[in-house]
>>> print(open('protein_24.cif').read())   # mmCIF, C-alpha atoms
data_run
#
loop_
_atom_site.label_atom_id
_atom_site.label_comp_id
_atom_site.auth_asym_id
_atom_site.auth_seq_id
_atom_site.Cartn_x
_atom_site.Cartn_y
_atom_site.Cartn_z
CA MET A 1 0.00 0.00 0.00
CA LYS A 2 1.25 3.48 -0.84
CA GLU A 3 2.65 5.39 2.11
CA PHE A 4 1.27 8.85 2.84
CA GLY A 5 2.71 11.60 4.94
CA SER A 6 1.13 11.91 8.37
CA LEU A 7 1.09 14.46 11.14
CA SER A 8 0.24 14.19 14.83
CA LEU A 9 -2.09 16.91 16.05
CA TRP A 10 -0.01 17.33 19.19
CA GLU A 11 3.65 16.70 19.83
CA GLY A 12 4.10 14.92 23.12
CA GLU A 13 1.14 14.65 25.47
CA VAL A 14 -2.30 14.60 23.87
CA PRO A 15 -4.87 16.66 25.83
CA GLN A 16 -7.45 14.50 27.65
CA ALA A 17 -5.99 11.25 26.31
CA THR A 18 -6.83 8.25 28.49
CA GLY A 19 -4.28 5.86 27.04
CA SER A 20 -1.72 5.31 24.30
CA GLY A 21 -1.92 3.80 20.83
CA PRO A 22 -3.72 4.75 17.59
CA VAL A 23 -7.23 5.24 19.01
CA HIS A 24 -5.84 7.73 21.55
CA GLU A 25 -3.61 9.67 19.14
CA PRO A 26 -5.42 11.90 16.61
CA ARG A 27 -3.53 12.34 13.35
CA LEU A 28 -3.78 13.64 9.82
CA THR A 29 -2.73 11.88 6.65
CA ILE A 30 -1.47 14.37 4.08
CA HIS A 31 -2.43 14.19 0.41
CA LEU A 32 -1.00 16.93 -1.80
CA PRO A 33 -1.69 17.53 -5.50
CA SER A 34 1.11 17.79 -8.02
CA PRO A 35 2.76 21.22 -7.76
CA ASP A 36 1.88 22.14 -11.35
CA ASN A 37 -1.80 21.51 -10.60
CA ALA A 38 -2.06 22.99 -7.10
CA THR A 39 -4.70 25.67 -6.53
CA GLY A 40 -3.71 26.80 -3.03
CA CYS A 41 -6.93 25.35 -1.60
CA GLY A 42 -7.04 22.60 1.02
CA VAL A 43 -9.79 20.52 2.61
CA LEU A 44 -9.81 18.75 5.97
CA VAL A 45 -11.78 15.50 5.50
CA ALA A 46 -13.59 13.89 8.46
CA PRO A 47 -14.80 10.33 7.71
CA GLY A 48 -18.05 9.15 9.24
CA GLY A 49 -18.77 6.16 11.44
CA GLY A 50 -21.32 7.14 14.05
CA TYR A 51 -18.66 8.47 16.43
CA ARG A 52 -17.67 4.79 16.90
CA ILE A 53 -15.51 3.91 13.91
CA LEU A 54 -13.89 5.77 10.98
CA ALA A 55 -14.89 4.85 7.41
CA SER A 56 -11.50 6.04 6.22
CA ASP A 57 -11.31 4.32 2.82
CA HIS A 58 -14.40 5.49 0.91
CA GLU A 59 -15.01 8.58 3.09
CA GLY A 60 -11.36 9.48 3.52
CA LEU A 61 -8.58 8.30 1.23
CA GLN A 62 -10.67 8.08 -1.95
CA VAL A 63 -12.13 11.54 -1.32
CA ALA A 64 -8.63 12.94 -0.78
CA GLN A 65 -7.48 11.42 -4.07
CA ALA A 66 -10.46 12.96 -5.86
CA PHE A 67 -9.58 16.38 -4.43
CA ASN A 68 -5.94 15.98 -5.49
CA GLU A 69 -7.03 15.41 -9.09
CA LEU A 70 -8.65 18.87 -8.93
CA GLY A 71 -5.50 20.50 -7.56
CA ILE A 72 -6.88 20.64 -4.02
CA ALA A 73 -4.79 19.48 -1.05
CA ALA A 74 -6.58 17.08 1.31
CA PHE A 75 -5.95 16.04 4.89
CA VAL A 76 -7.84 13.06 6.31
CA LEU A 77 -8.52 13.30 10.03
CA ARG A 78 -8.28 10.44 12.50
CA TYR A 79 -10.26 11.85 15.41
CA ARG A 80 -11.02 10.21 18.74
CA VAL A 81 -14.37 8.44 19.06
CA ALA A 82 -16.62 6.63 21.56
CA PRO A 83 -16.84 4.63 23.69
CA THR A 84 -13.53 5.96 24.98
CA TYR A 85 -14.10 9.59 24.00
CA SER A 86 -17.13 11.87 23.71
CA SER A 87 -17.97 13.99 20.67
CA ALA A 88 -16.67 16.97 22.67
CA ILE A 89 -13.20 15.42 22.36
CA SER A 90 -13.81 14.83 18.64
CA LEU A 91 -14.55 18.57 18.41
CA LEU A 92 -11.28 19.33 20.18
CA ASP A 93 -9.46 17.22 17.58
CA GLY A 94 -11.28 18.87 14.66
CA GLN A 95 -10.47 22.36 15.88
CA ARG A 96 -6.84 21.45 16.49
CA ALA A 97 -6.61 20.00 12.96
CA ILE A 98 -7.79 23.27 11.39
CA ARG A 99 -5.35 25.23 13.55
CA ILE A 100 -2.35 23.06 12.76
CA LEU A 101 -3.09 23.23 9.03
CA ARG A 102 -3.26 27.00 9.25
CA TYR A 103 0.02 26.99 11.19
CA LYS A 104 1.66 24.86 8.49
CA SER A 105 -0.14 26.44 5.55
CA SER A 106 3.03 27.63 3.81
CA GLU A 107 4.55 24.16 4.11
CA TYR A 108 1.53 22.61 2.40
CA GLY A 109 0.99 25.46 -0.07
CA ILE A 110 -2.55 26.32 1.06
CA SER A 111 -4.06 29.73 1.76
CA ARG A 112 -7.74 28.72 1.77
CA LEU A 113 -8.96 25.85 3.94
CA GLY A 114 -12.34 24.14 4.12
CA MET A 115 -13.68 21.15 6.05
CA LEU A 116 -15.76 18.28 4.65
CA GLY A 117 -17.42 15.61 6.75
CA PHE A 118 -19.62 12.56 6.22
CA SER A 119 -22.39 11.54 8.64
CA ALA A 120 -20.85 11.84 12.15
CA GLY A 121 -17.85 13.46 10.48
CA GLY A 122 -20.34 15.91 8.98
CA HIS A 123 -21.60 16.67 12.46
CA LEU A 124 -18.00 17.24 13.50
CA ALA A 125 -17.50 19.64 10.56
CA ALA A 126 -20.71 21.52 11.42
CA ASN A 127 -19.61 21.61 15.06
CA VAL A 128 -16.21 23.07 14.13
CA GLY A 129 -17.90 25.54 11.76
CA THR A 130 -20.34 26.89 14.35
CA ASP A 131 -18.33 26.70 17.59
CA ARG A 132 -16.32 29.54 19.07
CA TRP A 133 -13.10 30.07 17.10
CA LEU A 134 -11.27 32.46 19.40
CA VAL A 135 -8.76 31.01 21.83
CA GLU A 136 -9.62 31.74 25.43
CA GLY A 137 -7.03 31.53 28.17
CA GLU A 138 -3.45 30.38 27.73
CA CYS A 139 -2.26 28.60 24.59
CA ILE A 140 -0.56 25.24 24.89
CA ASP A 141 1.66 26.11 21.92
CA PRO A 142 1.75 28.54 18.95
CA VAL A 143 -0.71 26.36 17.01
CA ASP A 144 -3.46 27.22 19.48
CA ALA A 145 -3.14 30.89 18.53
CA MET A 146 -4.42 30.13 15.02
CA SER A 147 -8.07 30.42 14.00
CA ALA A 148 -10.13 27.23 14.00
CA ARG A 149 -12.73 28.66 11.62
CA PRO A 150 -12.83 26.84 8.25
CA ASP A 151 -13.22 29.05 5.18
CA PHE A 152 -16.04 26.79 3.97
CA LEU A 153 -17.93 23.64 4.96
CA ALA A 154 -19.17 20.64 3.02
CA LEU A 155 -21.67 18.48 4.94
CA CYS A 156 -22.52 15.10 3.43
CA TYR A 157 -25.55 13.29 4.90
CA ALA A 158 -24.55 14.90 8.18
CA VAL A 159 -26.31 14.79 11.51
CA THR A 160 -26.74 18.43 12.49
CA ASN A 161 -29.04 18.16 15.52
CA GLY A 162 -29.42 14.98 17.55
CA ILE A 163 -32.40 16.37 19.44
CA VAL A 164 -34.40 16.84 16.24
CA ARG A 165 -33.19 13.49 14.96
CA GLY A 166 -34.37 11.82 18.15
CA ARG A 167 -31.22 9.74 18.60
CA LYS A 168 -27.98 10.23 20.56
CA ALA A 169 -28.81 13.83 21.39
CA ASP A 170 -25.92 13.98 23.87
CA GLU A 171 -23.42 13.08 21.13
CA TYR A 172 -24.91 14.98 18.20
CA THR A 173 -25.28 18.35 19.87
CA PRO A 174 -27.34 20.98 17.98
CA THR A 175 -25.32 22.89 15.39
CA ASP A 176 -28.11 24.52 13.39
CA THR A 177 -29.08 26.64 16.41
CA ARG A 178 -25.56 28.13 16.47
CA VAL A 179 -25.56 29.24 12.84
CA ASN A 180 -25.09 32.99 12.45
CA ALA A 181 -23.85 35.47 9.87
CA GLU A 182 -20.24 34.43 10.58
CA THR A 183 -20.82 30.75 9.79
CA PRO A 184 -18.65 29.68 6.82
CA PRO A 185 -20.28 29.25 3.39
CA THR A 186 -21.68 25.72 3.25
CA PHE A 187 -22.41 23.00 0.68
CA LEU A 188 -24.80 20.23 1.73
CA MET A 189 -25.46 16.84 0.12
CA HIS A 190 -27.99 14.20 1.14
CA THR A 191 -29.95 11.32 -0.41
CA HIS A 192 -33.70 10.84 -0.30
CA GLN A 193 -33.32 7.14 0.50
CA ASP A 194 -31.15 7.68 3.59
CA GLU A 195 -32.94 5.87 6.43
CA ILE A 196 -30.20 6.37 9.04
CA VAL A 197 -29.81 10.15 8.87
CA PRO A 198 -33.02 11.75 7.53
CA THR A 199 -32.71 14.43 4.87
CA GLU A 200 -34.32 16.78 7.40
CA GLN A 201 -30.91 17.01 9.11
CA SER A 202 -29.46 18.82 6.09
CA MET A 203 -32.61 20.86 5.59
CA ILE A 204 -32.65 22.36 9.08
CA PHE A 205 -29.03 23.42 8.75
CA TYR A 206 -29.66 24.86 5.29
CA ASN A 207 -32.69 26.78 6.55
CA ALA A 208 -30.58 28.28 9.33
CA LEU A 209 -27.92 29.31 6.80
CA HIS A 210 -30.61 30.86 4.60
CA ARG A 211 -32.08 32.85 7.49
CA HIS A 212 -28.66 34.36 8.21
CA ARG A 213 -27.86 34.96 4.52
CA VAL A 214 -24.83 32.66 4.57
CA PRO A 215 -23.86 31.59 1.02
CA SER A 216 -25.00 27.99 0.73
CA GLU A 217 -26.16 25.28 -1.63
CA MET A 218 -27.97 21.99 -0.99
CA HIS A 219 -28.50 18.93 -3.19
CA VAL A 220 -30.79 16.00 -2.35
CA PHE A 221 -30.37 13.00 -4.66
CA GLY A 222 -33.16 10.52 -5.22
CA SER A 223 -31.06 7.37 -4.97
CA GLY A 224 -28.44 6.31 -2.47
CA GLU A 225 -28.51 4.73 0.96
CA HIS A 226 -26.61 6.19 3.90
CA GLY A 227 -22.82 6.21 3.68
CA VAL A 228 -22.32 6.37 -0.09
CA GLY A 229 -19.09 8.38 0.04
CA LEU A 230 -18.27 9.46 -3.50
CA ALA A 231 -21.12 7.18 -4.71
CA SER A 232 -18.74 5.94 -7.41
CA GLY A 233 -21.11 3.13 -8.40
CA ASP A 234 -24.15 5.38 -8.85
CA PRO A 235 -23.93 7.36 -12.13
CA ASP A 236 -26.49 9.90 -10.90
CA THR A 237 -25.62 10.47 -7.24
CA ASN A 238 -21.89 10.57 -7.95
CA LEU A 239 -22.48 13.95 -9.62
CA TRP A 240 -22.43 15.49 -6.14
CA PHE A 241 -18.64 15.76 -6.10
CA SER A 242 -18.57 17.67 -9.41
CA LEU A 243 -21.25 19.97 -8.03
CA LEU A 244 -19.12 20.54 -4.93
CA HIS A 245 -16.11 21.34 -7.12
CA ASN A 246 -18.17 23.84 -9.13
CA TRP A 247 -19.45 25.44 -5.92
CA ILE A 248 -15.95 25.76 -4.40
CA ARG A 249 -14.78 27.38 -7.63
CA ARG A 250 -17.80 29.69 -7.81
CA GLN A 251 -17.16 30.82 -4.23
CA GLY A 252 -13.64 31.86 -5.27
CA PHE A 253 -11.72 29.37 -3.11
CA LEU A 254 -9.64 27.95 -5.98
CA THR A 255 -7.79 31.18 -6.74
CA SER A 256 -5.94 33.86 -4.81
CA LYS A 257 -7.15 36.56 -7.20
CA GLN A 258 -9.61 39.05 -5.76
CA ARG A 259 -13.07 39.54 -7.21
CA VAL A 260 -13.88 42.83 -8.93
CA GLU A 261 -17.06 44.76 -9.65
CA VAL A 262 -18.04 45.00 -13.31
CA SER A 263 -20.63 47.27 -14.87
CA GLY A 264 -21.49 48.27 -18.40
CA GLN A 265 -24.02 48.01 -21.21
CA VAL A 266 -24.96 45.41 -23.82
CA LEU A 267 -26.20 46.36 -27.30
CA ILE A 268 -27.09 43.85 -30.01
CA ASN A 269 -26.83 45.08 -33.60
CA GLY A 270 -26.91 48.62 -32.25
CA HIS A 271 -30.21 48.11 -30.41
CA LEU A 272 -31.19 47.67 -26.80
CA PRO A 273 -31.98 43.98 -26.26
CA GLY A 274 -34.96 42.47 -24.53
CA HIS A 275 -34.29 39.83 -21.88
CA ILE A 276 -30.72 38.52 -21.91
CA TRP A 277 -28.20 36.65 -19.78
CA LEU A 278 -24.58 37.85 -19.59
CA THR A 279 -22.07 35.24 -18.42
CA LEU A 280 -18.38 35.98 -17.83
CA GLU A 281 -16.42 32.73 -18.00
CA PRO A 282 -12.71 33.05 -17.09
CA MET A 283 -9.92 31.56 -19.17
CA ASP A 284 -8.42 30.46 -15.83
CA ARG A 285 -10.26 27.21 -15.06
CA ASN A 286 -9.89 27.76 -11.29
CA ALA A 287 -11.36 31.27 -11.24
CA PRO A 288 -15.07 31.85 -10.58
CA SER A 289 -17.49 32.69 -13.35
CA ALA A 290 -19.95 35.56 -12.98
CA ARG A 291 -23.34 36.23 -14.47
CA VAL A 292 -26.22 38.68 -14.50
CA ARG A 293 -29.73 38.63 -15.96
CA ILE A 294 -30.69 41.85 -17.75
CA ASP A 295 -34.29 42.85 -18.44
CA PRO A 296 -35.59 45.52 -20.85
CA SER A 297 -36.20 48.12 -18.12
CA SER A 298 -32.44 48.42 -17.54
CA LYS A 299 -31.83 49.58 -21.15
CA GLY A 300 -29.00 47.08 -21.45
CA GLU A 301 -27.18 48.42 -18.38
CA PHE A 302 -25.86 45.98 -15.80
CA LYS A 303 -23.77 45.76 -12.67
CA ILE A 304 -22.18 42.66 -11.11
CA HIS A 305 -21.22 43.39 -7.52
CA LYS A 306 -17.82 42.46 -6.16
CA GLU A 307 -18.99 39.69 -3.82
CA SER A 308 -20.26 37.68 -6.79
CA GLY A 309 -18.07 39.23 -9.45
CA PRO A 310 -15.30 37.85 -11.66
CA VAL A 311 -11.55 38.22 -11.11
CA ASN A 312 -9.02 40.15 -13.17
CA GLY A 313 -7.94 38.61 -16.44
CA PRO A 314 -9.23 37.38 -19.80
CA HIS A 315 -12.77 36.06 -20.04
CA ILE A 316 -15.30 34.92 -22.59
CA ALA A 317 -18.39 37.11 -22.39
CA THR A 318 -21.44 35.13 -23.53
CA VAL A 319 -24.78 36.84 -24.11
CA ARG A 320 -27.90 34.70 -24.41
CA HIS A 321 -30.83 36.59 -25.93
CA ILE A 322 -33.93 34.83 -24.56
CA SER A 323 -36.81 37.22 -25.34
CA ASP A 324 -37.58 40.44 -27.17
CA LYS A 325 -40.74 41.11 -25.23
CA ILE A 326 -40.47 44.58 -23.68
CA SER A 327 -43.24 44.06 -21.14
CA GLN A 328 -44.70 40.70 -20.26
CA ASP A 329 -48.38 40.15 -21.04
CA ALA A 330 -51.01 37.42 -21.00
CA ILE A 331 -51.09 36.93 -24.79
CA GLY A 332 -48.08 34.63 -24.92
CA ASP A 333 -46.84 35.52 -28.42
CA TYR A 334 -43.32 34.39 -29.31
CA THR A 335 -40.76 37.10 -30.05
CA LEU A 336 -37.80 34.91 -31.10
CA ASP A 337 -37.50 31.75 -33.17
CA ARG A 338 -35.05 30.38 -30.60
CA GLU A 339 -32.52 31.53 -28.02
CA ILE A 340 -29.70 33.46 -29.73
CA VAL A 341 -26.16 33.24 -28.36
CA TYR A 342 -23.31 35.72 -28.86
CA SER A 343 -19.75 35.63 -27.48
CA GLN A 344 -16.76 37.91 -27.31
CA LYS A 345 -13.36 37.84 -25.60
CA VAL A 346 -12.90 40.54 -22.96
CA ALA A 347 -10.20 41.55 -20.48
CA LEU A 348 -11.39 42.50 -16.99
CA SER A 349 -9.77 44.59 -14.28
CA ALA A 350 -10.89 46.42 -11.16
CA ASP A 351 -11.83 49.51 -13.18
CA THR A 352 -13.56 47.77 -16.08
CA ARG A 353 -16.66 49.24 -17.64
CA LEU A 354 -17.70 46.60 -20.12
CA ASN A 355 -19.54 47.93 -23.14
CA LEU A 356 -20.46 45.05 -25.45
CA GLN A 357 -21.43 46.01 -29.01
CA LEU A 358 -22.50 42.66 -30.42
CA THR A 359 -23.23 41.99 -34.07
CA GLU A 360 -23.94 38.96 -36.25
CA ARG A 361 -20.23 38.15 -36.38
CA ASN A 362 -20.33 37.51 -32.62
CA ARG A 363 -23.20 35.08 -33.01
CA CYS A 364 -22.48 31.46 -32.07
#
>>> encode(input="protein_24.cif", output="C-alpha cells")
Amino acid sequence: MKEFGSLSLWEGEVPQATGSGPVHEPRLTIHLPSPDNATGCGVLVAPGGGYRILASDHEGLQVAQAFNELGIAAFVLRYRVAPTYSSAISLLDGQRAIRILRYKSSEYGISRLGMLGFSAGGHLAANVGTDRWLVEGECIDPVDAMSARPDFLALCYAVTNGIVRGRKADEYTPTDTRVNAETPPTFLMHTHQDEIVPTEQSMIFYNALHRHRVPSEMHVFGSGEHGVGLASGDPDTNLWFSLLHNWIRRQGFLTSKQRVEVSGQVLINGHLPGHIWLTLEPMDRNAPSARVRIDPSSKGEFKIHKESGPVNGPHIATVRHISDKISQDAIGDYTLDREIVYSQKVALSADTRLNLQLTERNRC
C-alpha cells in the first residue's frame, strides 16, 4: 500500500488522552496535489462512522485522491471516538486540525482551507464551523493561537441536531441553532433514501444558513442509501462531487485573485436587447465565473457586484438573448424563433466598464 505523509495533532502529550496507541492519538494523513496543478486550496476530511468507527477508505482516502485530481490538497482526520471519548473530544481534535493546518499552511501550499465531513464526520465539521473560534485563556503552543474557523464547509448526509433526529442527542449536539452570519459558506449533500440520517438534518441546517444569509447550496439525490461516500457506483448520485467542485470554484476558493465589480451596457446590432443573460467565463479554469440577468427596463445596463463578481484577467463574455418582449403580457406571443447566443473575448480589471457592441459576427 502506498505510504502517505502523516502528522500528529499534538507533539508529546495529547490533551485529555486516556491511554496510548492509535485510538488515543489523533492524526492527519497528508495528500498533496502535483505542484503544477495545485490551486492553493485545502480541505480537511472527516470520515463518518457514528462516532464509533472511521470509514476512512471510501469517506477518507478516496475523497482525498479525488480532491488531489482537482488541484486541491486534502488532509484526512483520524479523530477520537466513543466509547472511549465523547464527541466533545472529537470537536477538540477537529479544531486542532484546522489550527495546525493554518500553522503549516506555507509548508503545504494552502491559503484557503475548508472542512468536509460525512455523517458523524459531517456533524464534527458543522460543530467546528459553528463553535467559538477564538482562543480563550493560555495557549498550549503557537498552534493554538491560530483560527479554528474553516473558510467553507461541506456536509454530506450529516447529523446536524441529535435532538431533532431523536437519537444520541448527547453526542450529536445541535449545530443549526448556532448558525449565524459568521458561519462559513456551506455546501450540503444528502440522499432521499437515507434511512439512518433523515434528509431533514441537512434541511434544518440549510434553513438556518438561509435565514442568516450565509452563502449555501444543498442537493438532495433521489437514490443512495446512507454512507455512499463518492457514490462511485451510482452514475447519478456521484455527480455530487462535481457539483461541490463547481461550488468551491464559484465561491472563489480555488484562486488567490480578488473579485472585482463590473458594470457596463450590452447592445445587439446597435439596439437595446430584450431579456438577456450575460455570463463571464474566465480563461483560468480555477477562477469563478460571474453572471447577470438583464431585463428591458435596464436599457441594457448591468452591474455585477464584487462579492459575486469575476476576477481580473481574460474572459469569454457570452450573451444569451432569450426574449424580445419589452413588457410581459397574457397573450403569450413568441418574439424569437429560438434563443440566440453571442460571445466575445474581454479583459477584466478592477476599473472595467464593459460595453459590449455585439453583431452577427459575434453570433455562435
>>> residues_around(input="protein_24.cif", residues="His315 (chain A)", least_positions_apart="5", cutoff="9 Å", atoms="only C-alpha atoms", output="PyMOL selection string")
chain A and resi 280-284+289+310+344-348
>>> residues_around(input="protein_24.cif", residues="region 20-36 of chain A", least_positions_apart="2", cutoff="7 Å", atoms="only C-alpha atoms", output="list of chain:residue names")
A:Phe4, A:Gly5, A:Ser6, A:Leu7, A:Ser8, A:Leu9, A:Val14, A:Ala17, A:Ala38, A:Ala64, A:Asn68, A:Glu69, A:Gly71, A:Ile72, A:Ala73, A:Ala74, A:Phe75, A:Val76, A:Leu77, A:Arg78, A:Tyr79, A:Arg80, A:Asp93
>>> atom_distance(input="protein_24.cif", atom1="CA of Ser202 (chain A)", atom2="CA of Ala88 (chain A)")
21.0 Å
>>> residues_around(input="protein_24.cif", residues="Ile304 (chain A)", least_positions_apart="5", cutoff="9 Å", atoms="only C-alpha atoms", output="list in words")
Val260, Glu261, Val262, Ser263, Ala290, Arg291, Val292, Gly309 and Pro310 of chain A
>>> write_last_selection(input="protein_24.cif", atoms="C-alpha atoms", output="mmCIF file, in the frame of the given file")
data_model
loop_
_atom_site.group_PDB
_atom_site.id
_atom_site.type_symbol
_atom_site.label_atom_id
_atom_site.label_comp_id
_atom_site.auth_asym_id
_atom_site.auth_seq_id
_atom_site.Cartn_x
_atom_site.Cartn_y
_atom_site.Cartn_z
ATOM 1 C CA VAL A 260 -13.880 42.830 -8.930
ATOM 2 C CA GLU A 261 -17.060 44.760 -9.650
ATOM 3 C CA VAL A 262 -18.040 45.000 -13.310
ATOM 4 C CA SER A 263 -20.630 47.270 -14.870
ATOM 5 C CA ALA A 290 -19.950 35.560 -12.980
ATOM 6 C CA ARG A 291 -23.340 36.230 -14.470
ATOM 7 C CA VAL A 292 -26.220 38.680 -14.500
ATOM 8 C CA GLY A 309 -18.070 39.230 -9.450
ATOM 9 C CA PRO A 310 -15.300 37.850 -11.660
#
>>> residues_around(input="protein_24.cif", residues="region 119-130 of chain A", least_positions_apart="2", cutoff="7 Å", atoms="all atoms listed in the file", output="ChimeraX atom specification")
/A:46-51,91,94-95,115-117,132,149-150,153,155-160,172,175,178-179,183-184
>>> resolve_selection(input="protein_24.cif", expression="the PyMOL selection byres ((chain A and resi 312) around 6)", output="number ranges by chain")
A: 311, 313, 348-349
>>> resolve_selection(input="protein_24.cif", expression="the PyMOL selection byres ((chain A and resi 205) around 9)", output="list in words")
Ala126, Thr160, Asn161, Thr175, Asp176, Thr177, Val179, Leu188, Glu200, Gln201, Ser202, Met203, Ile204, Tyr206, Asn207, Ala208, Leu209 and His210 of chain A
>>> residues_around(input="protein_24.cif", residues="region 329-338 of chain A", least_positions_apart="4", cutoff="12 Å", atoms="all atoms listed in the file", output="PDB file with C-alpha atoms, keeping the file's coordinate frame")
ATOM      1  CA  PRO A 273     -31.980  43.980 -26.260  1.00  0.00           C
ATOM      2  CA  GLY A 274     -34.960  42.470 -24.530  1.00  0.00           C
ATOM      3  CA  HIS A 275     -34.290  39.830 -21.880  1.00  0.00           C
ATOM      4  CA  ARG A 320     -27.900  34.700 -24.410  1.00  0.00           C
ATOM      5  CA  HIS A 321     -30.830  36.590 -25.930  1.00  0.00           C
ATOM      6  CA  ILE A 322     -33.930  34.830 -24.560  1.00  0.00           C
ATOM      7  CA  SER A 323     -36.810  37.220 -25.340  1.00  0.00           C
ATOM      8  CA  ASP A 324     -37.580  40.440 -27.170  1.00  0.00           C
ATOM      9  CA  LYS A 325     -40.740  41.110 -25.230  1.00  0.00           C
TER      10      LYS A 325
END
>>> residues_near_point(input="protein_24.cif", point="(-11.2, 41.0, -1.6)", cutoff="10 Å", atoms="all atoms listed in the file", output="JSON, numbers by chain")
{"A": [256, 257, 258, 259, 260, 306, 307, 311]}
>>> atom_distance(input="protein_24.cif", atom1="CA of Leu278 (chain A)", atom2="CA of Phe241 (chain A)")
26.6 Å
>>> residues_near_point(input="protein_24.cif", point="(-11.6, 26.2, 1.7)", cutoff="10 Å", atoms="all atoms listed in the file", output="VMD selection string")
chain A and resid 40 to 44 72 to 73 110 to 116 150 to 154 184 to 185 248 to 249 251 to 254
>>> decode(input="protein_24.cif", residues="region 54-60 of chain A", atoms="all heavy atoms", output="short mmCIF file (atom, residue, chain, number, x, y, z; two decimals), in the first residue's frame")
data_model
loop_
_atom_site.label_atom_id
_atom_site.label_comp_id
_atom_site.auth_asym_id
_atom_site.auth_seq_id
_atom_site.Cartn_x
_atom_site.Cartn_y
_atom_site.Cartn_z
N LEU A 54 -14.23 4.80 12.02
CA LEU A 54 -13.89 5.77 10.98
C LEU A 54 -13.89 5.06 9.64
O LEU A 54 -13.09 4.14 9.42
CB LEU A 54 -12.52 6.41 11.25
CG LEU A 54 -12.40 7.22 12.54
CD1 LEU A 54 -10.96 7.67 12.75
CD2 LEU A 54 -13.33 8.43 12.52
N ALA A 55 -14.79 5.45 8.76
CA ALA A 55 -14.89 4.85 7.41
C ALA A 55 -13.86 5.51 6.50
O ALA A 55 -14.20 6.23 5.56
CB ALA A 55 -16.30 5.02 6.87
N SER A 56 -12.59 5.24 6.78
CA SER A 56 -11.50 6.04 6.22
C SER A 56 -11.12 5.72 4.78
O SER A 56 -10.38 6.47 4.17
CB SER A 56 -10.26 5.93 7.11
OG SER A 56 -10.51 6.48 8.38
N ASP A 57 -11.60 4.60 4.23
CA ASP A 57 -11.31 4.32 2.82
C ASP A 57 -12.20 5.16 1.91
O ASP A 57 -11.75 6.08 1.25
CB ASP A 57 -11.50 2.83 2.52
CG ASP A 57 -10.32 1.98 3.01
OD1 ASP A 57 -9.18 2.45 2.89
OD2 ASP A 57 -10.57 0.88 3.51
N HIS A 58 -13.52 4.84 1.89
CA HIS A 58 -14.40 5.49 0.91
C HIS A 58 -14.85 6.88 1.35
O HIS A 58 -15.35 7.65 0.54
CB HIS A 58 -15.60 4.60 0.58
CG HIS A 58 -16.65 4.53 1.64
ND1 HIS A 58 -16.42 3.94 2.86
CD2 HIS A 58 -17.93 4.98 1.67
CE1 HIS A 58 -17.53 4.03 3.59
NE2 HIS A 58 -18.46 4.65 2.89
N GLU A 59 -14.68 7.23 2.63
CA GLU A 59 -15.01 8.58 3.09
C GLU A 59 -13.76 9.35 3.54
O GLU A 59 -13.88 10.36 4.22
CB GLU A 59 -16.03 8.51 4.23
CG GLU A 59 -17.38 8.00 3.77
CD GLU A 59 -18.42 7.91 4.87
OE1 GLU A 59 -18.07 8.07 6.07
OE2 GLU A 59 -19.61 7.69 4.56
N GLY A 60 -12.61 8.82 3.15
CA GLY A 60 -11.36 9.48 3.52
C GLY A 60 -10.37 9.48 2.39
O GLY A 60 -10.27 10.43 1.61
#
